[in-house]
Amino acid sequence: MAGVYAGPVQDLIDELGRLPGIGPKSAQRIAFHLLKLSKEDALRLARSIVEVKERISFCTRCFNVAEGELCGLCRDDRRDPTVLCVVEEPRDIVAVEKTQEFRGRYHVLLGAINPIEGIGPDHLKVRELLARMEPEGITEVILCTNPNLEGEATAMYLARLLKPLGVKVTRIASGLPVGGDLEYADELTLGRALEGRREVEG
Ligand SMILES: [Zn+2]
C-alpha cells in the first residue's frame with residue numbers, strides 16, 4: 001500500500017500502522033477519520049501525545065507510569081511494602097487495583113519473555129526486581145503475569161530466581177481465561193484469582 005497517497009497523508013498512515021494491533025487498512029481508516037476532524041479536535045489529540053511524552057515517565061522503583069521520580073502507589077505509605085505484585089505492563093496495575101483485593105506494592109516488568117520476538121529476561125526489569133527484595137524487606141512476591149504462554153514462562157523463570165532468596169513466591173490461581181490478557185479479565189474473576197493464589201512449587 002506504500003506510496004498510494006502523497007506526502008503527509010502517507011506519513012500519517014505509516015505512523016498509525018506502527019501502532020500495536022493496527023493493520024494497514026485500519027491505519028488508512030483512522031488517517032481519513034483524522035483528516036475529517038476539526039483542526040481543534042485533531043490538535044487536542046496531538047497535544048495529549050506530546051504532553052504524555054513530556055510529563056510522564058516510568059517510576060524509578062516499580063516502573064509504573066509516574067509523574068516525577070516515584071509513582072503514586074510507591075509514594076503511598078498506607079500500602080504494605082512487604083508484598084509485591086509482579087505484572088507485565090502498567091495497564092495491568094489498573095486491572096489489579098480494580099479488584100480491591102491487593103494492598104501491597106507492584107513491580108512492572110515492561111514485557112514478558114518471548115523467544116520468538118527475541119525478548120529475553122535482560123530486556124525486562126528482572127534485575128531491578130531482584131534488587132528490591134532485601135532492601136525493601138519483601139516477604140511475598142505474587143506473580144501476576146498474563147495467563148498465556150509468555151506470561152507462564154516468565155512466571156516460572158522468576159520463581160526459579162526468587163525462591164532461593166527466601167521469599168514466598170505465589171502465582172495467581174488458574175480460572176482466568178487462558179491465552180487472554182489480565183486487562184480483559186473482569187474484576188471479580190481477577191479478584192478470585194488473586195485470593196486463590198498458590199505457592200509455586202519447586
Ligand atoms: Zn512505583
# chains A, B, ... in the order shown; residues from 1 in each chain; ligands from 1
$ select_by_dssp --residues "segment 29-178 of chain A" --states "alpha helix (DSSP H)" --output "count of residues only"
61
$ residues_around --residues "Leu12 of chain A" --least-positions-apart "6" --cutoff "9 Å" --atoms "only C-alpha atoms" --output "PyMOL selection string"
chain A and resi 27-28+31
$ write_last_selection --atoms "N, CA, C and O atoms" --output "PDB file, in the first residue's frame"
ATOM      1  N   ALA A  27      -5.121   1.613   9.648  1.00  0.00           N
ATOM      2  CA  ALA A  27      -4.303   2.831   9.640  1.00  0.00           C
ATOM      3  C   ALA A  27      -4.885   3.830   8.641  1.00  0.00           C
ATOM      4  O   ALA A  27      -5.017   5.021   8.921  1.00  0.00           O
ATOM      5  N   GLN A  28      -5.272   3.314   7.495  1.00  0.00           N
ATOM      6  CA  GLN A  28      -5.845   4.168   6.464  1.00  0.00           C
ATOM      7  C   GLN A  28      -7.183   4.754   6.925  1.00  0.00           C
ATOM      8  O   GLN A  28      -7.450   5.947   6.755  1.00  0.00           O
ATOM      9  N   ALA A  31      -6.561   7.405   9.558  1.00  0.00           N
ATOM     10  CA  ALA A  31      -5.967   8.602   8.942  1.00  0.00           C
ATOM     11  C   ALA A  31      -7.062   9.461   8.301  1.00  0.00           C
ATOM     12  O   ALA A  31      -7.095  10.682   8.475  1.00  0.00           O
TER      13      ALA A  31
END
$ select_by_dssp --residues "segment 7-174 of chain A" --states "strand (DSSP E or B)" --output "PyMOL selection string"
chain A and resi 57-58+65-66+80-87+104-108+114+119+140-143+168-171
$ closest_atom_pairs --of "chain A" --to "ligand 1" --cutoff "7 Å" --atoms "only C-alpha atoms and all ligand atoms" --output "JSON lines"
{"residue": "A:Cys59", "atom": "CA", "partner": "ligand 1", "partner_atom_place_in_ligand_line": "1 (Zn)", "distance": 4.7}
{"residue": "A:Thr60", "atom": "CA", "partner": "ligand 1", "partner_atom_place_in_ligand_line": "1 (Zn)", "distance": 6.7}
{"residue": "A:Arg61", "atom": "CA", "partner": "ligand 1", "partner_atom_place_in_ligand_line": "1 (Zn)", "distance": 5.2}
{"residue": "A:Cys62", "atom": "CA", "partner": "ligand 1", "partner_atom_place_in_ligand_line": "1 (Zn)", "distance": 4.1}
{"residue": "A:Phe63", "atom": "CA", "partner": "ligand 1", "partner_atom_place_in_ligand_line": "1 (Zn)", "distance": 5.8}
{"residue": "A:Asn64", "atom": "CA", "partner": "ligand 1", "partner_atom_place_in_ligand_line": "1 (Zn)", "distance": 5.2}
{"residue": "A:Leu70", "atom": "CA", "partner": "ligand 1", "partner_atom_place_in_ligand_line": "1 (Zn)", "distance": 5.1}
{"residue": "A:Cys71", "atom": "CA", "partner": "ligand 1", "partner_atom_place_in_ligand_line": "1 (Zn)", "distance": 4.1}
{"residue": "A:Gly72", "atom": "CA", "partner": "ligand 1", "partner_atom_place_in_ligand_line": "1 (Zn)", "distance": 6.7}
{"residue": "A:Leu73", "atom": "CA", "partner": "ligand 1", "partner_atom_place_in_ligand_line": "1 (Zn)", "distance": 5.7}
{"residue": "A:Cys74", "atom": "CA", "partner": "ligand 1", "partner_atom_place_in_ligand_line": "1 (Zn)", "distance": 4.3}
{"residue": "A:Tyr106", "atom": "CA", "partner": "ligand 1", "partner_atom_place_in_ligand_line": "1 (Zn)", "distance": 7.0}
$ closest_residue --among "A:Gly191, A:Pro81, A:Pro135, A:Gly196" --to "Arg171 of chain A" --atoms "only C-alpha atoms"
A:Gly196
$ atom_distance --atom1 "atom CA of Val167 of chain A" --atom2 "atom CA of Met133 of chain A"
8.2 Å
$ atom_distance --atom1 "atom CA of Thr170 of chain A" --atom2 "atom CA of Phe58 of chain A"
25.4 Å
$ atom_distance --atom1 "atom CA of Thr82 of chain A" --atom2 "atom CA of Glu128 of chain A"
16.0 Å
$ closest_residue --among "A:Glu89, A:Leu182, A:Leu165, A:Arg160" --to "Arg132 of chain A" --atoms "only C-alpha atoms"
A:Leu165
$ residues_around --residues "segment 100-105 of chain A" --least-positions-apart "2" --cutoff "9 Å" --atoms "only C-alpha atoms" --output "ChimeraX atom specification"
/A:62,73-74,78-86,96-98,107,187,191-192,194-195
$ write_last_selection --atoms "N, CA and C atoms" --output "PDB file, in the first residue's frame"
ATOM      1  N   CYS A  62       9.316   0.986  40.609  1.00  0.00           N
ATOM      2  CA  CYS A  62       8.468  -0.138  40.185  1.00  0.00           C
ATOM      3  C   CYS A  62       8.149  -0.139  38.679  1.00  0.00           C
ATOM      4  N   LEU A  73       1.611   5.007  43.709  1.00  0.00           N
ATOM      5  CA  LEU A  73       1.493   3.797  44.535  1.00  0.00           C
ATOM      6  C   LEU A  73       2.743   3.605  45.394  1.00  0.00           C
ATOM      7  N   CYS A  74       3.908   3.909  44.855  1.00  0.00           N
ATOM      8  CA  CYS A  74       5.144   3.797  45.645  1.00  0.00           C
ATOM      9  C   CYS A  74       5.210   4.888  46.711  1.00  0.00           C
ATOM     10  N   ARG A  78       0.400   3.981  53.035  1.00  0.00           N
ATOM     11  CA  ARG A  78      -0.626   3.098  53.604  1.00  0.00           C
ATOM     12  C   ARG A  78      -0.557   1.709  52.987  1.00  0.00           C
ATOM     13  N   ARG A  79       0.209   1.551  51.904  1.00  0.00           N
ATOM     14  CA  ARG A  79       0.281   0.240  51.250  1.00  0.00           C
ATOM     15  C   ARG A  79       1.340  -0.626  51.904  1.00  0.00           C
ATOM     16  N   ASP A  80       1.102  -1.936  51.924  1.00  0.00           N
ATOM     17  CA  ASP A  80       2.016  -2.894  52.545  1.00  0.00           C
ATOM     18  C   ASP A  80       3.268  -3.042  51.670  1.00  0.00           C
ATOM     19  N   PRO A  81       4.422  -2.595  52.177  1.00  0.00           N
ATOM     20  CA  PRO A  81       5.630  -2.641  51.343  1.00  0.00           C
ATOM     21  C   PRO A  81       6.260  -4.028  51.262  1.00  0.00           C
ATOM     22  N   THR A  82       5.745  -5.008  52.037  1.00  0.00           N
ATOM     23  CA  THR A  82       6.398  -6.314  52.077  1.00  0.00           C
ATOM     24  C   THR A  82       5.825  -7.305  51.055  1.00  0.00           C
ATOM     25  N   VAL A  83       4.690  -6.956  50.430  1.00  0.00           N
ATOM     26  CA  VAL A  83       4.104  -7.841  49.417  1.00  0.00           C
ATOM     27  C   VAL A  83       4.166  -7.141  48.061  1.00  0.00           C
ATOM     28  N   LEU A  84       4.725  -7.843  47.090  1.00  0.00           N
ATOM     29  CA  LEU A  84       4.934  -7.265  45.776  1.00  0.00           C
ATOM     30  C   LEU A  84       4.146  -8.051  44.730  1.00  0.00           C
ATOM     31  N   CYS A  85       3.408  -7.353  43.893  1.00  0.00           N
ATOM     32  CA  CYS A  85       2.672  -7.986  42.806  1.00  0.00           C
ATOM     33  C   CYS A  85       3.416  -7.675  41.503  1.00  0.00           C
ATOM     34  N   VAL A  86       3.882  -8.723  40.811  1.00  0.00           N
ATOM     35  CA  VAL A  86       4.658  -8.533  39.587  1.00  0.00           C
ATOM     36  C   VAL A  86       3.734  -8.638  38.374  1.00  0.00           C
ATOM     37  N   VAL A  96      -5.549  -4.918  38.427  1.00  0.00           N
ATOM     38  CA  VAL A  96      -5.430  -5.465  39.782  1.00  0.00           C
ATOM     39  C   VAL A  96      -6.047  -4.497  40.799  1.00  0.00           C
ATOM     40  N   GLU A  97      -5.804  -3.205  40.623  1.00  0.00           N
ATOM     41  CA  GLU A  97      -6.356  -2.215  41.553  1.00  0.00           C
ATOM     42  C   GLU A  97      -7.879  -2.251  41.571  1.00  0.00           C
ATOM     43  N   LYS A  98      -8.474  -2.491  40.420  1.00  0.00           N
ATOM     44  CA  LYS A  98      -9.934  -2.519  40.329  1.00  0.00           C
ATOM     45  C   LYS A  98     -10.541  -3.628  41.183  1.00  0.00           C
ATOM     46  N   HIS A 107       5.582  -4.370  40.887  1.00  0.00           N
ATOM     47  CA  HIS A 107       6.778  -4.266  40.051  1.00  0.00           C
ATOM     48  C   HIS A 107       6.364  -4.587  38.614  1.00  0.00           C
ATOM     49  N   GLU A 187     -13.255  -7.837  37.083  1.00  0.00           N
ATOM     50  CA  GLU A 187     -12.704  -7.616  38.420  1.00  0.00           C
ATOM     51  C   GLU A 187     -12.927  -8.806  39.348  1.00  0.00           C
ATOM     52  N   GLY A 191     -10.035 -10.880  40.923  1.00  0.00           N
ATOM     53  CA  GLY A 191     -10.006 -10.815  42.384  1.00  0.00           C
ATOM     54  C   GLY A 191      -9.928 -12.206  42.982  1.00  0.00           C
ATOM     55  N   ARG A 192     -10.722 -13.127  42.432  1.00  0.00           N
ATOM     56  CA  ARG A 192     -10.703 -14.522  42.920  1.00  0.00           C
ATOM     57  C   ARG A 192      -9.374 -15.182  42.627  1.00  0.00           C
ATOM     58  N   LEU A 194      -6.525 -13.769  42.481  1.00  0.00           N
ATOM     59  CA  LEU A 194      -5.532 -13.238  43.425  1.00  0.00           C
ATOM     60  C   LEU A 194      -5.702 -13.869  44.796  1.00  0.00           C
ATOM     61  N   GLU A 195      -6.951 -13.942  45.208  1.00  0.00           N
ATOM     62  CA  GLU A 195      -7.261 -14.502  46.516  1.00  0.00           C
ATOM     63  C   GLU A 195      -6.839 -15.977  46.574  1.00  0.00           C
TER      64      GLU A 195
END
$ closest_residue --among "A:Ile13, A:Leu190, A:Leu109, A:Val169" --to "Pro121 of chain A" --atoms "only C-alpha atoms"
A:Leu109
$ residues_around --residues "Tyr184 of chain A" --least-positions-apart "5" --cutoff "10 Å" --atoms "only C-alpha atoms" --output "VMD selection string"
chain A and resid 92 95 176 to 177 190
$ closest_residue --among "A:Pro147, A:Gly137, A:Pro20, A:Gly68" --to "Ala112 of chain A" --atoms "only C-alpha atoms"
A:Pro147
$ decode --residues "segment 114-150 of chain A" --atoms "N, CA and C atoms" --output "PDB file, in the first residue's frame"
ATOM      1  N   ASN A 114       9.669 -13.701  25.528  1.00  0.00           N
ATOM      2  CA  ASN A 114       9.077 -14.139  24.262  1.00  0.00           C
ATOM      3  C   ASN A 114      10.198 -14.449  23.266  1.00  0.00           C
ATOM      4  N   PRO A 115      10.638 -15.744  23.271  1.00  0.00           N
ATOM      5  CA  PRO A 115      11.789 -16.110  22.432  1.00  0.00           C
ATOM      6  C   PRO A 115      11.561 -15.820  20.944  1.00  0.00           C
ATOM      7  N   ILE A 116      10.331 -15.968  20.477  1.00  0.00           N
ATOM      8  CA  ILE A 116      10.054 -15.756  19.047  1.00  0.00           C
ATOM      9  C   ILE A 116      10.325 -14.306  18.650  1.00  0.00           C
ATOM     10  N   GLU A 117       9.988 -13.385  19.558  1.00  0.00           N
ATOM     11  CA  GLU A 117      10.251 -11.978  19.260  1.00  0.00           C
ATOM     12  C   GLU A 117      11.608 -11.512  19.793  1.00  0.00           C
ATOM     13  N   GLY A 118      12.380 -12.493  20.287  1.00  0.00           N
ATOM     14  CA  GLY A 118      13.730 -12.161  20.755  1.00  0.00           C
ATOM     15  C   GLY A 118      13.762 -11.404  22.071  1.00  0.00           C
ATOM     16  N   ILE A 119      12.696 -11.530  22.878  1.00  0.00           N
ATOM     17  CA  ILE A 119      12.667 -10.829  24.173  1.00  0.00           C
ATOM     18  C   ILE A 119      13.069 -11.795  25.279  1.00  0.00           C
ATOM     19  N   GLY A 120      14.224 -11.563  25.845  1.00  0.00           N
ATOM     20  CA  GLY A 120      14.732 -12.382  26.944  1.00  0.00           C
ATOM     21  C   GLY A 120      14.666 -11.616  28.252  1.00  0.00           C
ATOM     22  N   PRO A 121      15.049 -12.276  29.354  1.00  0.00           N
ATOM     23  CA  PRO A 121      14.997 -11.643  30.678  1.00  0.00           C
ATOM     24  C   PRO A 121      15.765 -10.323  30.755  1.00  0.00           C
ATOM     25  N   ASP A 122      16.854 -10.216  29.960  1.00  0.00           N
ATOM     26  CA  ASP A 122      17.661  -8.993  30.005  1.00  0.00           C
ATOM     27  C   ASP A 122      16.907  -7.781  29.457  1.00  0.00           C
ATOM     28  N   HIS A 123      15.863  -8.033  28.673  1.00  0.00           N
ATOM     29  CA  HIS A 123      15.075  -6.925  28.127  1.00  0.00           C
ATOM     30  C   HIS A 123      14.011  -6.453  29.112  1.00  0.00           C
ATOM     31  N   LEU A 124      13.811  -7.230  30.177  1.00  0.00           N
ATOM     32  CA  LEU A 124      12.758  -6.912  31.149  1.00  0.00           C
ATOM     33  C   LEU A 124      13.382  -6.371  32.428  1.00  0.00           C
ATOM     34  N   LYS A 125      12.536  -5.852  33.330  1.00  0.00           N
ATOM     35  CA  LYS A 125      13.046  -5.258  34.573  1.00  0.00           C
ATOM     36  C   LYS A 125      13.210  -6.344  35.646  1.00  0.00           C
ATOM     37  N   VAL A 126      13.973  -7.396  35.291  1.00  0.00           N
ATOM     38  CA  VAL A 126      14.162  -8.537  36.194  1.00  0.00           C
ATOM     39  C   VAL A 126      15.248  -8.237  37.226  1.00  0.00           C
ATOM     40  N   ARG A 127      16.366  -7.703  36.762  1.00  0.00           N
ATOM     41  CA  ARG A 127      17.466  -7.370  37.675  1.00  0.00           C
ATOM     42  C   ARG A 127      16.977  -6.385  38.733  1.00  0.00           C
ATOM     43  N   GLU A 128      16.178  -5.425  38.274  1.00  0.00           N
ATOM     44  CA  GLU A 128      15.643  -4.397  39.171  1.00  0.00           C
ATOM     45  C   GLU A 128      14.700  -5.017  40.199  1.00  0.00           C
ATOM     46  N   LEU A 129      13.982  -6.084  39.798  1.00  0.00           N
ATOM     47  CA  LEU A 129      13.082  -6.780  40.730  1.00  0.00           C
ATOM     48  C   LEU A 129      13.898  -7.467  41.826  1.00  0.00           C
ATOM     49  N   LEU A 130      14.915  -8.205  41.420  1.00  0.00           N
ATOM     50  CA  LEU A 130      15.739  -8.930  42.395  1.00  0.00           C
ATOM     51  C   LEU A 130      16.414  -7.956  43.370  1.00  0.00           C
ATOM     52  N   ALA A 131      16.801  -6.808  42.851  1.00  0.00           N
ATOM     53  CA  ALA A 131      17.499  -5.820  43.688  1.00  0.00           C
ATOM     54  C   ALA A 131      16.585  -5.203  44.751  1.00  0.00           C
ATOM     55  N   ARG A 132      15.272  -5.343  44.592  1.00  0.00           N
ATOM     56  CA  ARG A 132      14.358  -4.743  45.568  1.00  0.00           C
ATOM     57  C   ARG A 132      14.140  -5.627  46.789  1.00  0.00           C
ATOM     58  N   MET A 133      14.364  -6.935  46.638  1.00  0.00           N
ATOM     59  CA  MET A 133      13.970  -7.908  47.662  1.00  0.00           C
ATOM     60  C   MET A 133      14.501  -7.573  49.047  1.00  0.00           C
ATOM     61  N   GLU A 134      15.817  -7.515  49.182  1.00  0.00           N
ATOM     62  CA  GLU A 134      16.392  -7.347  50.507  1.00  0.00           C
ATOM     63  C   GLU A 134      16.186  -5.935  51.069  1.00  0.00           C
ATOM     64  N   PRO A 135      16.560  -4.892  50.329  1.00  0.00           N
ATOM     65  CA  PRO A 135      16.423  -3.533  50.892  1.00  0.00           C
ATOM     66  C   PRO A 135      14.998  -3.201  51.314  1.00  0.00           C
ATOM     67  N   GLU A 136      14.003  -3.735  50.597  1.00  0.00           N
ATOM     68  CA  GLU A 136      12.616  -3.380  50.921  1.00  0.00           C
ATOM     69  C   GLU A 136      11.961  -4.392  51.874  1.00  0.00           C
ATOM     70  N   GLY A 137      12.705  -5.416  52.277  1.00  0.00           N
ATOM     71  CA  GLY A 137      12.178  -6.403  53.221  1.00  0.00           C
ATOM     72  C   GLY A 137      10.961  -7.141  52.688  1.00  0.00           C
ATOM     73  N   ILE A 138      11.001  -7.508  51.416  1.00  0.00           N
ATOM     74  CA  ILE A 138       9.847  -8.157  50.787  1.00  0.00           C
ATOM     75  C   ILE A 138       9.746  -9.614  51.233  1.00  0.00           C
ATOM     76  N   THR A 139       8.521 -10.018  51.638  1.00  0.00           N
ATOM     77  CA  THR A 139       8.337 -11.382  52.132  1.00  0.00           C
ATOM     78  C   THR A 139       7.536 -12.242  51.150  1.00  0.00           C
ATOM     79  N   GLU A 140       6.721 -11.606  50.300  1.00  0.00           N
ATOM     80  CA  GLU A 140       5.962 -12.382  49.314  1.00  0.00           C
ATOM     81  C   GLU A 140       5.966 -11.681  47.963  1.00  0.00           C
ATOM     82  N   VAL A 141       6.158 -12.475  46.905  1.00  0.00           N
ATOM     83  CA  VAL A 141       6.058 -11.962  45.539  1.00  0.00           C
ATOM     84  C   VAL A 141       4.926 -12.716  44.845  1.00  0.00           C
ATOM     85  N   ILE A 142       3.921 -11.979  44.388  1.00  0.00           N
ATOM     86  CA  ILE A 142       2.806 -12.593  43.657  1.00  0.00           C
ATOM     87  C   ILE A 142       3.083 -12.434  42.163  1.00  0.00           C
ATOM     88  N   LEU A 143       3.202 -13.542  41.457  1.00  0.00           N
ATOM     89  CA  LEU A 143       3.471 -13.492  40.021  1.00  0.00           C
ATOM     90  C   LEU A 143       2.145 -13.344  39.290  1.00  0.00           C
ATOM     91  N   CYS A 144       1.915 -12.156  38.778  1.00  0.00           N
ATOM     92  CA  CYS A 144       0.619 -11.813  38.195  1.00  0.00           C
ATOM     93  C   CYS A 144       0.773 -11.523  36.700  1.00  0.00           C
ATOM     94  N   THR A 145       1.622 -12.315  36.043  1.00  0.00           N
ATOM     95  CA  THR A 145       1.794 -12.157  34.602  1.00  0.00           C
ATOM     96  C   THR A 145       0.599 -12.789  33.895  1.00  0.00           C
ATOM     97  N   ASN A 146       0.430 -12.485  32.624  1.00  0.00           N
ATOM     98  CA  ASN A 146      -0.745 -12.940  31.869  1.00  0.00           C
ATOM     99  C   ASN A 146      -0.844 -14.461  31.806  1.00  0.00           C
ATOM    100  N   PRO A 147      -2.085 -14.987  31.779  1.00  0.00           N
ATOM    101  CA  PRO A 147      -2.263 -16.447  31.718  1.00  0.00           C
ATOM    102  C   PRO A 147      -2.104 -16.992  30.289  1.00  0.00           C
ATOM    103  N   ASN A 148      -1.020 -16.603  29.619  1.00  0.00           N
ATOM    104  CA  ASN A 148      -0.733 -17.170  28.289  1.00  0.00           C
ATOM    105  C   ASN A 148       0.683 -17.745  28.302  1.00  0.00           C
ATOM    106  N   LEU A 149       1.139 -18.236  27.155  1.00  0.00           N
ATOM    107  CA  LEU A 149       2.430 -18.931  27.076  1.00  0.00           C
ATOM    108  C   LEU A 149       3.579 -18.071  27.613  1.00  0.00           C
ATOM    109  N   GLU A 150       3.651 -16.827  27.158  1.00  0.00           N
ATOM    110  CA  GLU A 150       4.753 -15.939  27.540  1.00  0.00           C
ATOM    111  C   GLU A 150       4.683 -15.606  29.034  1.00  0.00           C
TER     112      GLU A 150
END
